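So this one's structure-v2.cif, mmCIF, C-alpha atoms and all ligand atoms:
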data_structure
loop_
_atom_site.label_atom_id
_atom_site.label_comp_id
_atom_site.auth_asym_id
_atom_site.auth_seq_id
_atom_site.Cartn_x
_atom_site.Cartn_y
_atom_site.Cartn_z
CA MET A 1 10.78 -21.89 33.63
CA PHE A 2 12.88 -22.08 30.51
CA MET A 3 10.82 -24.92 29.15
CA SER A 4 7.61 -23.01 29.68
CA LYS A 5 9.12 -20.10 27.73
CA ALA A 6 10.01 -22.48 24.96
CA PHE A 7 6.45 -23.77 24.88
CA ASN A 8 5.19 -20.20 24.68
CA LEU A 9 7.38 -19.57 21.70
CA LEU A 10 5.99 -22.62 20.06
CA LYS A 11 2.39 -21.60 20.41
CA PRO A 12 1.93 -19.46 17.34
CA ILE A 13 3.31 -22.16 15.09
CA PRO A 14 0.62 -24.61 14.08
CA LEU A 15 1.80 -28.13 13.64
CA MET A 16 0.90 -29.54 10.29
CA SER A 17 0.56 -33.18 9.38
CA GLY A 18 3.93 -34.85 9.17
CA GLN A 19 5.45 -32.46 11.73
CA THR A 20 4.93 -34.71 14.69
CA ASN A 21 8.48 -34.34 15.93
CA LEU A 22 8.74 -30.64 15.38
CA ALA A 23 7.78 -29.60 18.92
CA TYR A 24 10.37 -31.87 20.48
CA LYS A 25 13.04 -30.80 18.03
CA PHE A 26 12.21 -27.17 18.47
CA ILE A 27 12.60 -27.30 22.23
CA HIS A 28 15.79 -29.24 21.86
CA LEU A 29 17.11 -26.66 19.45
CA VAL A 30 16.09 -23.72 21.61
CA ALA A 31 17.85 -25.34 24.50
CA SER A 32 21.05 -25.82 22.56
CA HIS A 33 20.87 -22.63 20.56
CA GLY A 34 19.46 -19.99 22.88
CA ARG A 35 16.38 -17.85 22.59
CA ARG A 36 18.02 -15.11 20.54
CA CYS A 37 17.78 -17.19 17.42
CA HIS A 38 14.47 -18.96 17.96
CA ARG A 39 12.91 -17.63 14.79
CA SER A 40 15.89 -18.71 12.76
CA VAL A 41 15.68 -22.10 14.32
CA ILE A 42 12.12 -22.51 13.23
CA TYR A 43 13.16 -21.32 9.82
CA LYS A 44 15.99 -23.74 9.66
CA GLN A 45 13.83 -26.56 10.88
CA ARG A 46 11.36 -25.99 8.15
CA TYR A 47 13.26 -24.31 5.43
CA ARG A 48 16.91 -25.08 5.95
CA THR A 49 18.17 -21.54 6.34
CA CYS A 50 19.55 -19.88 9.39
CA PRO A 51 21.34 -16.54 9.26
CA CYS A 52 23.45 -17.33 12.29
CA SER A 53 26.48 -19.56 11.79
CA ALA A 54 26.35 -21.06 15.29
CA GLY A 55 22.79 -22.01 14.55
CA ARG A 56 23.81 -23.56 11.30
CA ARG A 57 26.19 -25.90 13.09
CA THR A 58 23.79 -26.87 15.83
CA ILE A 59 20.86 -27.38 13.60
CA SER A 60 22.23 -29.27 10.67
CA ALA A 61 22.55 -32.44 12.71
CA GLU A 62 18.94 -32.25 13.79
CA THR A 63 17.20 -30.97 10.73
CA LYS A 64 14.75 -33.09 8.89
CA VAL A 65 14.13 -31.76 5.40
CA MET A 66 10.42 -31.47 5.01
CA ALA A 67 8.94 -33.31 2.11
CA LYS A 68 7.11 -31.31 -0.49
CA GLU A 69 3.81 -32.76 0.68
CA GLU A 70 4.42 -31.56 4.24
CA LEU A 71 4.87 -27.91 3.28
CA PRO A 72 1.85 -25.63 3.26
CA GLY A 73 0.22 -25.60 -0.15
CA VAL A 74 0.36 -22.47 -2.26
CA LEU A 75 -1.44 -22.03 -5.53
CA ILE A 76 0.57 -19.81 -7.83
CA LEU A 77 -1.40 -17.58 -10.12
CA ASP A 78 0.13 -16.34 -13.36
CA ILE A 79 3.77 -16.47 -12.48
CA GLY A 80 4.20 -15.18 -16.04
CA GLY A 81 7.22 -13.34 -17.36
CA THR A 82 10.19 -14.89 -19.01
CA GLN A 83 11.36 -18.41 -18.43
CA GLY A 84 14.14 -17.12 -16.15
CA VAL A 85 11.71 -15.28 -13.91
CA LEU A 86 9.51 -18.32 -13.71
CA GLU A 87 12.32 -20.63 -12.71
CA ASN A 88 13.83 -18.30 -10.13
CA LEU A 89 10.53 -17.51 -8.51
CA ALA A 90 9.38 -21.08 -8.48
CA ALA A 91 12.65 -22.13 -6.83
CA LEU A 92 12.24 -19.51 -4.13
CA LEU A 93 8.64 -20.45 -3.44
CA LYS A 94 9.46 -24.15 -3.37
CA LYS A 95 11.72 -23.62 -0.35
CA HIS A 96 8.66 -22.70 1.67
CA PHE A 97 5.63 -24.19 0.01
CA HIS A 98 4.28 -27.12 -1.85
CA LEU A 99 3.75 -25.31 -5.15
CA ILE A 100 0.59 -26.02 -7.03
CA THR A 101 0.16 -24.51 -10.46
CA MET A 102 -3.22 -23.57 -11.88
CA LYS A 103 -2.86 -26.42 -14.36
CA GLU A 104 -2.26 -28.97 -11.57
CA PHE A 105 -5.14 -27.54 -9.61
CA LEU A 106 -7.57 -27.78 -12.50
CA GLU A 107 -6.46 -31.31 -13.36
CA ASN A 108 -7.02 -32.61 -9.85
CA LYS A 109 -9.31 -30.11 -8.19
CA GLU A 110 -10.68 -32.32 -5.45
CA GLU A 111 -7.34 -33.35 -3.98
CA MET A 112 -5.54 -30.05 -4.60
CA SER A 113 -8.21 -27.73 -3.28
CA LYS A 114 -7.88 -29.12 0.26
CA LYS A 115 -4.11 -28.61 0.24
CA ILE A 116 -4.17 -24.97 -0.78
CA GLN A 117 -3.85 -22.62 2.17
CA SER A 118 -2.51 -19.65 0.29
CA VAL A 119 -2.42 -18.12 -3.15
CA PHE A 120 0.61 -16.30 -4.51
CA VAL A 121 -0.35 -13.63 -7.03
CA PHE A 122 2.46 -12.51 -9.26
CA GLU A 123 2.14 -8.77 -9.91
CA CYS A 124 -1.27 -7.35 -10.66
CA ARG A 125 -2.35 -9.33 -13.66
CA PRO A 126 -4.59 -12.18 -12.57
CA THR A 127 -7.66 -11.64 -10.51
CA ILE A 128 -9.36 -13.95 -8.07
CA ASP A 129 -13.02 -14.62 -8.51
CA ARG A 130 -15.74 -15.99 -6.27
CA GLU A 131 -15.68 -19.36 -8.02
CA LEU A 132 -12.00 -19.88 -7.20
CA LEU A 133 -12.54 -18.85 -3.58
CA GLU A 134 -15.47 -21.23 -3.26
CA SER A 135 -13.30 -24.08 -4.45
CA LEU A 136 -10.58 -23.48 -1.83
CA PRO A 137 -12.04 -24.37 1.60
CA ASN A 138 -8.72 -24.10 3.47
CA LEU A 139 -7.54 -20.86 1.93
CA LYS A 140 -6.28 -18.37 4.52
CA VAL A 141 -4.29 -15.78 2.61
CA ILE A 142 -3.70 -14.27 -0.80
CA GLY A 143 -0.16 -12.97 -0.99
CA ASN A 144 0.04 -10.32 -3.69
CA SER A 145 3.50 -9.72 -5.01
CA GLY A 146 3.32 -5.98 -5.77
CA VAL A 147 1.81 -3.06 -3.92
CA GLY A 148 -1.34 -2.29 -5.96
CA VAL A 149 -4.29 -4.53 -5.13
CA ASP A 150 -6.91 -2.85 -7.32
CA HIS A 151 -7.23 -6.09 -9.29
CA LEU A 152 -8.55 -7.86 -6.19
CA ASP A 153 -12.06 -7.50 -4.80
CA LEU A 154 -11.01 -7.04 -1.18
CA LYS A 155 -14.53 -7.02 0.25
CA MET A 156 -15.50 -10.23 -1.49
CA ILE A 157 -12.23 -11.95 -0.49
CA SER A 158 -12.63 -10.84 3.11
CA SER A 159 -16.18 -12.27 3.19
CA PHE A 160 -14.52 -15.69 2.78
CA GLY A 161 -12.37 -14.99 5.86
CA VAL A 162 -9.29 -14.76 3.62
CA LYS A 163 -6.60 -12.15 4.25
CA VAL A 164 -4.79 -10.17 1.53
CA THR A 165 -1.21 -8.95 1.81
CA ASN A 166 1.03 -6.85 -0.45
CA THR A 167 4.70 -5.85 -0.78
CA PRO A 168 5.09 -2.10 -0.32
CA HIS A 169 8.76 -2.22 0.67
CA ALA A 170 10.15 -4.20 -2.24
CA VAL A 171 8.47 -2.07 -4.90
CA ALA A 172 9.47 1.39 -3.68
CA ASP A 173 12.99 1.78 -5.12
CA PRO A 174 12.51 0.11 -8.52
CA THR A 175 9.22 1.90 -9.16
CA ALA A 176 10.75 5.24 -8.19
CA ASP A 177 13.59 4.46 -10.60
CA ILE A 178 11.18 3.86 -13.47
CA GLY A 179 9.46 7.17 -12.66
CA MET A 180 12.80 8.95 -12.94
CA ALA A 181 13.71 7.00 -16.07
CA LEU A 182 10.44 8.00 -17.76
CA MET A 183 10.85 11.62 -16.72
CA LEU A 184 14.40 11.79 -18.07
CA ALA A 185 13.59 9.82 -21.21
CA SER A 186 10.64 12.03 -22.03
CA ALA A 187 12.47 15.25 -21.19
CA ARG A 188 15.44 14.38 -23.41
CA ARG A 189 13.38 12.56 -26.07
CA LEU A 190 15.44 9.45 -25.62
CA VAL A 191 13.22 7.12 -27.64
CA GLU A 192 13.21 9.42 -30.67
CA GLY A 193 16.98 9.81 -30.28
CA CYS A 194 17.44 6.01 -30.25
CA GLN A 195 15.33 5.65 -33.35
CA ILE A 196 17.52 8.15 -35.23
CA ALA A 197 20.71 6.52 -33.99
CA VAL A 198 19.72 3.05 -35.20
CA SER A 199 17.78 3.94 -38.35
CA PRO A 200 19.31 2.67 -41.62
CA ASP A 201 18.27 6.03 -43.18
CA THR A 202 20.47 8.05 -40.83
CA LYS A 203 23.48 9.47 -42.70
CA HIS A 204 24.70 11.90 -40.07
CA PHE A 205 23.55 12.76 -36.59
CA ALA A 206 21.42 15.87 -36.50
CA VAL A 207 18.10 16.37 -34.81
CA ASP A 208 15.55 19.03 -35.59
CA TRP A 209 14.17 19.05 -32.09
CA LEU A 210 15.36 19.83 -28.58
CA GLY A 211 14.56 18.30 -25.26
CA VAL A 212 13.99 20.04 -21.95
CA GLU A 213 15.99 19.77 -18.76
CA VAL A 214 14.98 18.01 -15.61
CA THR A 215 17.64 19.72 -13.54
CA ARG A 216 16.19 22.66 -11.56
CA ALA A 217 12.72 22.06 -13.05
CA THR A 218 9.63 21.76 -10.83
CA LEU A 219 8.35 18.27 -10.14
CA GLY A 220 4.81 17.80 -8.83
CA ILE A 221 4.25 14.45 -7.14
CA ILE A 222 0.63 13.39 -6.76
CA GLY A 223 0.61 10.59 -4.18
CA MET A 224 3.45 10.89 -1.70
CA GLY A 225 3.55 7.36 -0.26
CA SER A 226 6.74 5.35 -0.03
CA ILE A 227 7.31 5.36 -3.82
CA GLY A 228 6.58 9.10 -4.04
CA TYR A 229 9.04 9.77 -1.27
CA LYS A 230 11.75 7.76 -3.04
CA VAL A 231 11.09 9.79 -6.19
CA ALA A 232 11.47 12.99 -4.16
CA GLN A 233 14.81 11.76 -2.78
CA ARG A 234 16.05 11.15 -6.30
CA ALA A 235 14.65 14.42 -7.65
CA ARG A 236 16.51 16.31 -4.96
CA ALA A 237 19.77 15.13 -6.50
CA PHE A 238 18.67 16.88 -9.70
CA ASN A 239 18.11 20.12 -7.77
CA MET A 240 14.45 19.94 -8.66
CA ARG A 241 11.86 22.04 -6.88
CA ILE A 242 9.51 19.46 -5.40
CA LEU A 243 5.80 19.98 -4.84
CA TYR A 244 3.49 17.26 -3.63
CA HIS A 245 -0.18 16.65 -3.12
CA ASN A 246 -1.36 13.86 -0.86
CA ARG A 247 -4.36 12.88 1.22
CA ASN A 248 -2.22 13.32 4.32
CA ARG A 249 0.58 15.80 4.67
CA ARG A 250 3.95 14.18 5.47
CA ARG A 251 5.77 15.04 8.69
CA LYS A 252 7.73 18.29 8.66
CA GLU A 253 11.07 16.48 9.06
CA GLU A 254 10.25 14.27 6.06
CA GLU A 255 9.34 17.29 3.94
CA GLU A 256 12.53 19.05 4.97
CA ALA A 257 14.70 16.02 4.29
CA VAL A 258 13.80 16.10 0.59
CA GLY A 259 12.88 19.78 0.33
CA ALA A 260 9.26 19.02 -0.65
CA HIS A 261 6.47 21.60 -0.43
CA TYR A 262 2.92 20.49 0.28
CA CYS A 263 0.13 21.69 -2.03
CA GLU A 264 -3.19 21.30 -0.32
CA LYS A 265 -4.93 21.84 -3.64
CA MET A 266 -3.93 19.59 -6.52
CA GLU A 267 -4.75 22.48 -8.90
CA ASP A 268 -1.85 24.53 -7.47
CA LEU A 269 0.55 21.70 -8.12
CA LEU A 270 -0.74 21.19 -11.68
CA GLN A 271 -0.34 24.88 -12.51
CA GLN A 272 3.22 25.16 -11.24
CA SER A 273 4.86 21.89 -12.26
CA ASP A 274 7.07 21.16 -15.28
CA PHE A 275 6.69 17.44 -14.61
CA VAL A 276 3.67 15.93 -12.93
CA MET A 277 4.13 12.38 -11.66
CA LEU A 278 1.14 10.24 -10.66
CA ILE A 279 1.88 7.74 -7.88
CA VAL A 280 -1.53 7.25 -6.24
CA ASN A 281 -3.30 3.96 -5.58
CA LEU A 282 -6.23 3.31 -7.86
CA THR A 283 -9.39 3.73 -5.77
CA PRO A 284 -12.86 5.06 -6.59
CA GLU A 285 -11.54 8.50 -5.50
CA THR A 286 -8.54 8.44 -7.84
CA HIS A 287 -10.31 6.89 -10.83
CA ARG A 288 -9.85 9.42 -13.68
CA LEU A 289 -8.25 11.86 -11.29
CA ILE A 290 -6.62 13.55 -14.27
CA GLY A 291 -9.10 14.56 -16.95
CA LYS A 292 -9.64 17.40 -19.37
CA LYS A 293 -9.94 20.06 -16.67
CA GLU A 294 -6.78 18.98 -14.86
CA LEU A 295 -4.79 18.71 -18.10
CA SER A 296 -5.88 22.21 -19.08
CA LEU A 297 -4.44 23.52 -15.81
CA MET A 298 -0.98 22.17 -16.65
CA LYS A 299 1.66 24.26 -18.41
CA PRO A 300 1.86 23.74 -22.20
CA THR A 301 5.52 22.86 -21.59
CA ALA A 302 4.70 20.27 -18.93
CA THR A 303 5.02 16.49 -19.05
CA LEU A 304 2.67 14.01 -17.37
CA ILE A 305 4.21 10.81 -16.03
CA ASN A 306 2.11 7.93 -14.76
CA ILE A 307 3.57 5.07 -12.71
CA SER A 308 0.41 4.27 -10.74
CA ARG A 309 -2.49 2.77 -12.70
CA GLY A 310 -3.81 3.60 -16.16
CA ALA A 311 -7.34 4.35 -15.01
CA VAL A 312 -6.10 7.28 -12.93
CA ILE A 313 -6.03 9.23 -16.22
CA ASP A 314 -8.94 9.84 -18.56
CA GLN A 315 -7.10 8.55 -21.63
CA ASP A 316 -9.44 10.15 -24.16
CA ALA A 317 -8.73 13.51 -22.58
CA LEU A 318 -5.02 12.73 -22.65
CA VAL A 319 -5.10 11.89 -26.36
CA GLU A 320 -6.77 15.22 -27.05
CA ALA A 321 -4.35 17.14 -24.82
CA LEU A 322 -1.32 15.57 -26.51
CA GLN A 323 -2.70 16.04 -30.03
CA SER A 324 -3.52 19.68 -29.48
CA LYS A 325 -0.34 20.32 -27.41
CA VAL A 326 -2.26 21.34 -24.29
CA ILE A 327 0.71 19.66 -22.59
CA ARG A 328 4.13 18.93 -24.05
CA ALA A 329 4.31 15.15 -23.55
CA ALA A 330 3.35 12.12 -21.52
CA ALA A 331 5.29 9.10 -20.28
CA LEU A 332 3.25 6.16 -19.08
CA ASP A 333 4.31 2.89 -17.51
CA VAL A 334 0.65 2.01 -17.05
CA THR A 335 -2.37 2.28 -19.32
CA TYR A 336 -5.93 1.13 -19.37
CA PRO A 337 -6.20 -1.59 -20.56
CA GLU A 338 -2.79 -3.20 -20.67
CA PRO A 339 -1.70 -3.52 -23.35
CA LEU A 340 -3.62 -0.88 -25.27
CA PRO A 341 -5.43 -2.11 -28.38
CA ARG A 342 -2.96 -1.85 -31.27
CA ASP A 343 -5.04 0.83 -32.98
CA HIS A 344 -5.35 3.02 -29.88
CA PRO A 345 -4.73 6.71 -30.70
CA LEU A 346 -2.16 7.03 -27.87
CA LEU A 347 0.08 4.64 -29.82
CA LYS A 348 0.07 6.93 -32.83
CA LEU A 349 1.46 10.01 -31.09
CA ASN A 350 5.11 10.98 -31.08
CA ASN A 351 4.99 13.03 -27.88
CA ILE A 352 4.45 9.99 -25.72
CA ILE A 353 6.54 7.18 -24.27
CA ILE A 354 4.76 4.02 -23.16
CA THR A 355 6.44 1.17 -21.33
CA PRO A 356 4.74 -2.17 -20.53
CA HIS A 357 4.21 -1.79 -16.75
CA ILE A 358 7.82 -2.47 -15.80
CA GLY A 359 8.00 -0.59 -12.51
CA THR A 360 9.21 -3.70 -10.70
CA ALA A 361 10.61 -5.67 -13.61
CA THR A 362 14.10 -6.11 -12.21
CA VAL A 363 15.92 -9.22 -11.03
CA GLN A 364 16.23 -7.74 -7.55
CA ALA A 365 12.64 -6.50 -7.24
CA ILE A 366 11.08 -9.79 -8.29
CA HIS A 367 13.06 -11.56 -5.59
CA MET A 368 12.43 -8.98 -2.91
CA MET A 369 8.72 -8.94 -3.70
CA ALA A 370 8.55 -12.72 -3.55
CA GLU A 371 10.40 -12.72 -0.23
CA GLU A 372 8.09 -10.05 1.17
CA ALA A 373 5.04 -11.95 -0.06
CA ILE A 374 6.36 -15.22 1.40
CA ALA A 375 6.99 -13.57 4.78
CA ASN A 376 3.42 -12.23 4.74
CA ILE A 377 1.92 -15.59 3.83
CA LEU A 378 3.93 -17.46 6.46
CA ALA A 379 2.97 -14.91 9.10
CA VAL A 380 -0.72 -15.54 8.37
CA LEU A 381 -0.31 -19.32 8.33
CA ASN A 382 1.69 -19.24 11.56
CA GLY A 383 -0.66 -16.86 13.33
CA GLN A 384 2.04 -14.23 13.70
CA PRO A 385 1.82 -10.45 13.20
CA ILE A 386 1.38 -9.79 9.47
CA PRO A 387 3.94 -7.35 8.04
CA SER A 388 1.74 -5.93 5.24
CA GLU A 389 -1.94 -6.74 5.34
CA VAL A 390 -4.38 -4.85 3.10
CA PHE A 391 -7.87 -4.23 4.38
CA PRO A 392 -11.07 -3.58 2.45
CA LYS A 393 -12.24 0.04 2.73
O1 LIG A 401 3.58 -3.03 -7.32
C1 LIG A 401 2.75 -2.66 -8.14
O2 LIG A 401 1.54 -2.71 -7.92
C2 LIG A 401 3.19 -2.12 -9.42
O3 LIG A 401 2.41 -1.91 -10.27
C3 LIG A 401 4.63 -1.80 -9.63
O4 LIG A 401 4.88 -1.26 -10.88
#
Take the structure in the file and write it out as structure tokens.
Amino acid sequence: MFMSKAFNLLKPIPLMSGQTNLAYKFIHLVASHGRRCHRSVIYKQRYRTCPCSAGRRTISAETKVMAKEELPGVLILDIGGTQGVLENLAALLKKHFHLITMKEFLENKEEMSKKIQSVFVFECRPTIDRELLESLPNLKVIGNSGVGVDHLDLKMISSFGVKVTNTPHAVADPTADIGMALMLASARRLVEGCQIAVSPDTKHFAVDWLGVEVTRATLGIIGMGSIGYKVAQRARAFNMRILYHNRNRRRKEEEEAVGAHYCEKMEDLLQQSDFVMLIVNLTPETHRLIGKKELSLMKPTATLINISRGAVIDQDALVEALQSKVIRAAALDVTYPEPLPRDHPLLKLNNIIITPHIGTATVQAIHMMAEEAIANILAVLNGQPIPSEVFPK
């Protein structure tokens, strides 16, 4: 009876070459460790981690460290960033996968392509084209580290029988933080203030401008998903009046918990808000959601903040609105393209703050995203329920 349960637990875990003893060891470990920890046991067996100390003792004697070649192959795409990010991420991925860089793949395509079962996409920068998919016959999953998947052609990927996953949980807090940071920085003209403070021409501190206050102002959130909700939680601490517009209205208890009011019409939100924050996914419906008409509905004292995707705003219309003071200011963590060409008119304005898409650029977020992406990839490879799969529309 117990043994048959153990075999059932084993089922979803495909045995890969070089894992001949895994089934025996697994049953042995379940027997000595108890069912409660069976997932950890598998983890420990393969990856040498087990959150339970009893498990740690039992398992260490049995564990065979899997050789790099025995781990499922993952092709990493544009791991980018600073050297530190690269090293940390690579180390994390190496615990679970045989890492194959694009360079290694291109140098030895024939051998490498068979090994690659998954692709790890760091943030939203690289895309995956048909040619790459055609060269990876064993590919099962593309694990995007980040929530936005607008850089991936989901329909085309799905036609290859490949799944796509994302990391909505890891991104929510840091991206909400950057939304608040941009709102505060723009309201209090932080960048201009810094420039005065550090300028060699500054003889004494005096500014000939004033900021505006966030406290008690009205914030309009367009796109109330998990990031939007985190922004609302933070805004509540600033006693802000919170309006939101979303495809689907949130539950009453959720609205009440943050004191948010639903605007069925986006126009109502635009007319009433002192700060408008864009947090929608980029889809054909949200492409250039904010154009000349929408900007003209906003208060002349209002600020537009964008932490979603650049193409959600018609940037030409934004340039015009900022130049002619149709709105007070803008603060963008995302633009289209990224970066903007150096002679782009948005870069010449002083009522704008632009940051280089740093919503999740924190030590913690990078790790949490990688862990979420790894869990997704392993779930696909092991035939288990996938925590965050993204489907083509
Ligand atoms: O997760 C994403 O897609 C982001 O762009 C975070 O800034």
- Hey, which residues come within 8 Å of ligand LIG 401 (chain A) if we count all atoms listed in the file? Could you give them as a list in words? Glu123, Cys124, Ser145, Gly146, Val147, Gly148, Val149, Thr167, Pro168, Val171, Thr175, Ile307, Ser308, Arg309, Asp333, His357, Ile358, Gly359, Thr360 and Ala361 of chain A
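When CA of Ile116 (chain A) is paired with CA of Pro385 (chain A), their separation reads 21.0 Å.
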- Can you tell me how far CA of Asp173 (chain A) sits from CA of Ile242 (chain A), in Å to one decimal?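 Between these atoms lies a distance of 18.0 Å.
Excluding Thr301 (chain A) itself and same-chain residues fewer than 6 positions from it, the residues having an atom within 9 Å of it are Val212, Asp274, Phe275, Lys325, Val326, Ile327, Arg328 and Ala329 of chain A, counting only C-alpha atoms.
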So which residues touch Arg234 (chain A) within 12 Å, counting all atoms listed in the file, skipping near sequence neighbours fewer than 3 positions away, as a JSON list (two decimals) with C-alpha atoms, in the coordinates of the input?
[["chain", "number", "residue", "atom", "x", "y", "z"],
["A", 173, "ASP", "CA", 12.99, 1.78, -5.12],
["A", 174, "PRO", "CA", 12.51, 0.11, -8.52],
["A", 175, "THR", "CA", 9.22, 1.90, -9.16],
["A", 176, "ALA", "CA", 10.75, 5.24, -8.19],
["A", 177, "ASP", "CA", 13.59, 4.46, -10.60],
["A", 178, "ILE", "CA", 11.18, 3.86, -13.47],
["A", 179, "GLY", "CA", 9.46, 7.17, -12.66],
["A", 180, "MET", "CA", 12.80, 8.95, -12.94],
["A", 181, "ALA", "CA", 13.71, 7.00, -16.07],
["A", 183, "MET", "CA", 10.85, 11.62, -16.72],
["A", 184, "LEU", "CA", 14.40, 11.79, -18.07],
["A", 214, "VAL", "CA", 14.98, 18.01, -15.61],
["A", 215, "THR", "CA", 17.64, 19.72, -13.54],
["A", 219, "LEU", "CA", 8.35, 18.27, -10.14],
["A", 227, "ILE", "CA", 7.31, 5.36, -3.82],
["A", 228, "GLY", "CA", 6.58, 9.10, -4.04],
["A", 229, "TYR", "CA", 9.04, 9.77, -1.27],
["A", 230, "LYS", "CA", 11.75, 7.76, -3.04],
["A", 231, "VAL", "CA", 11.09, 9.79, -6.19],
["A", 237, "ALA", "CA", 19.77, 15.13, -6.50],
["A", 238, "PHE", "CA", 18.67, 16.88, -9.70],
["A", 239, "ASN", "CA", 18.11, 20.12, -7.77],
["A", 240, "MET", "CA", 14.45, 19.94, -8.66],
["A", 241, "ARG", "CA", 11.86, 22.04, -6.88],
["A", 242, "ILE", "CA", 9.51, 19.46, -5.40],
["A", 257, "ALA", "CA", 14.70, 16.02, 4.29],
["A", 258, "VAL", "CA", 13.80, 16.10, 0.59],
["A", 259, "GLY", "CA", 12.88, 19.78, 0.33],
["A", 260, "ALA", "CA", 9.26, 19.02, -0.65]]
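You will find CA of Ile305 (chain A) at 13.9 Å from CA of Arg188 (chain A).
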- Task: Name the residues in contact with Val390 (chain A) at a cut-off of 12 Å, using all atoms listed in the file, excluding same-chain residues fewer than 5 positions from it; report them as number ranges by chain.
- Result: A: 141-144, 146-150, 152-155, 157-158, 162-168, 376
Same residues, C-alpha atoms, saved as a short mmCIF file (atom, residue, chain, number, x, y, z; two decimals), in the frame of the given file:
data_model
loop_
_atom_site.label_atom_id
_atom_site.label_comp_id
_atom_site.auth_asym_id
_atom_site.auth_seq_id
_atom_site.Cartn_x
_atom_site.Cartn_y
_atom_site.Cartn_z
CA VAL A 141 -4.29 -15.78 2.61
CA ILE A 142 -3.70 -14.27 -0.80
CA GLY A 143 -0.16 -12.97 -0.99
CA ASN A 144 0.04 -10.32 -3.69
CA GLY A 146 3.32 -5.98 -5.77
CA VAL A 147 1.81 -3.06 -3.92
CA GLY A 148 -1.34 -2.29 -5.96
CA VAL A 149 -4.29 -4.53 -5.13
CA ASP A 150 -6.91 -2.85 -7.32
CA LEU A 152 -8.55 -7.86 -6.19
CA ASP A 153 -12.06 -7.50 -4.80
CA LEU A 154 -11.01 -7.04 -1.18
CA LYS A 155 -14.53 -7.02 0.25
CA ILE A 157 -12.23 -11.95 -0.49
CA SER A 158 -12.63 -10.84 3.11
CA VAL A 162 -9.29 -14.76 3.62
CA LYS A 163 -6.60 -12.15 4.25
CA VAL A 164 -4.79 -10.17 1.53
CA THR A 165 -1.21 -8.95 1.81
CA ASN A 166 1.03 -6.85 -0.45
CA THR A 167 4.70 -5.85 -0.78
CA PRO A 168 5.09 -2.10 -0.32
CA ASN A 376 3.42 -12.23 4.74
#
- Message: Which polymer residues, whether protein, DNA or RNA, lie within 12 Å of the coordinate (-2.8, 26.8, -9.9) when you count all atoms listed in the file? List them as a list of chain:residue names, using the chain letters and numbers from the file.
- Response: A:Gly220, A:Cys263, A:Glu264, A:Lys265, A:Met266, A:Glu267, A:Asp268, A:Leu269, A:Leu270, A:Gln271, A:Gln272, A:Ser273, A:Lys293, A:Glu294, A:Leu295, A:Ser296, A:Leu297, A:Met298, A:Lys299
Within 7 Å of His98 (chain A), counting all atoms listed in the file, which residues show up once you throw out same-chain ones fewer than 6 positions away? Write them as a PDB file with C-alpha atoms, in the frame of the given file, please.
ATOM      1  CA  LYS A  68       7.110 -31.310  -0.490  1.00  0.00           C
ATOM      2  CA  GLU A  69       3.810 -32.760   0.680  1.00  0.00           C
ATOM      3  CA  LEU A  71       4.870 -27.910   3.280  1.00  0.00           C
ATOM      4  CA  PRO A  72       1.850 -25.630   3.260  1.00  0.00           C
ATOM      5  CA  GLY A  73       0.220 -25.600  -0.150  1.00  0.00           C
ATOM      6  CA  VAL A  74       0.360 -22.470  -2.260  1.00  0.00           C
TER       7      VAL A  74
END
- Item | Selection: 12 Å around Lys109 (chain A), only C-alpha atoms, excl. self and same-chain fewer than 3 positions, as a PyMOL selection string | chain A and resi 75+100-106+112-116+132+134-137
- So which one's closest to Pro339 (chain A), A:Ile366, A:Ala375, A:Gly291, A:Gly310? Using all atoms listed in the file, please.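 Smallest separation from Pro339 (chain A) among the options: A:Gly310.
Nearest residue to Ala90 (chain A) among A:Leu77, A:Leu378, A:Lys252, A:Gln384 is A:Leu77, counting only C-alpha atoms.
Comparing A:Gly161, A:Pro345, A:Pro392, A:Gly383 by their smallest distance to Gln315 (chain A), the closest is A:Pro345 (using only C-alpha atoms).
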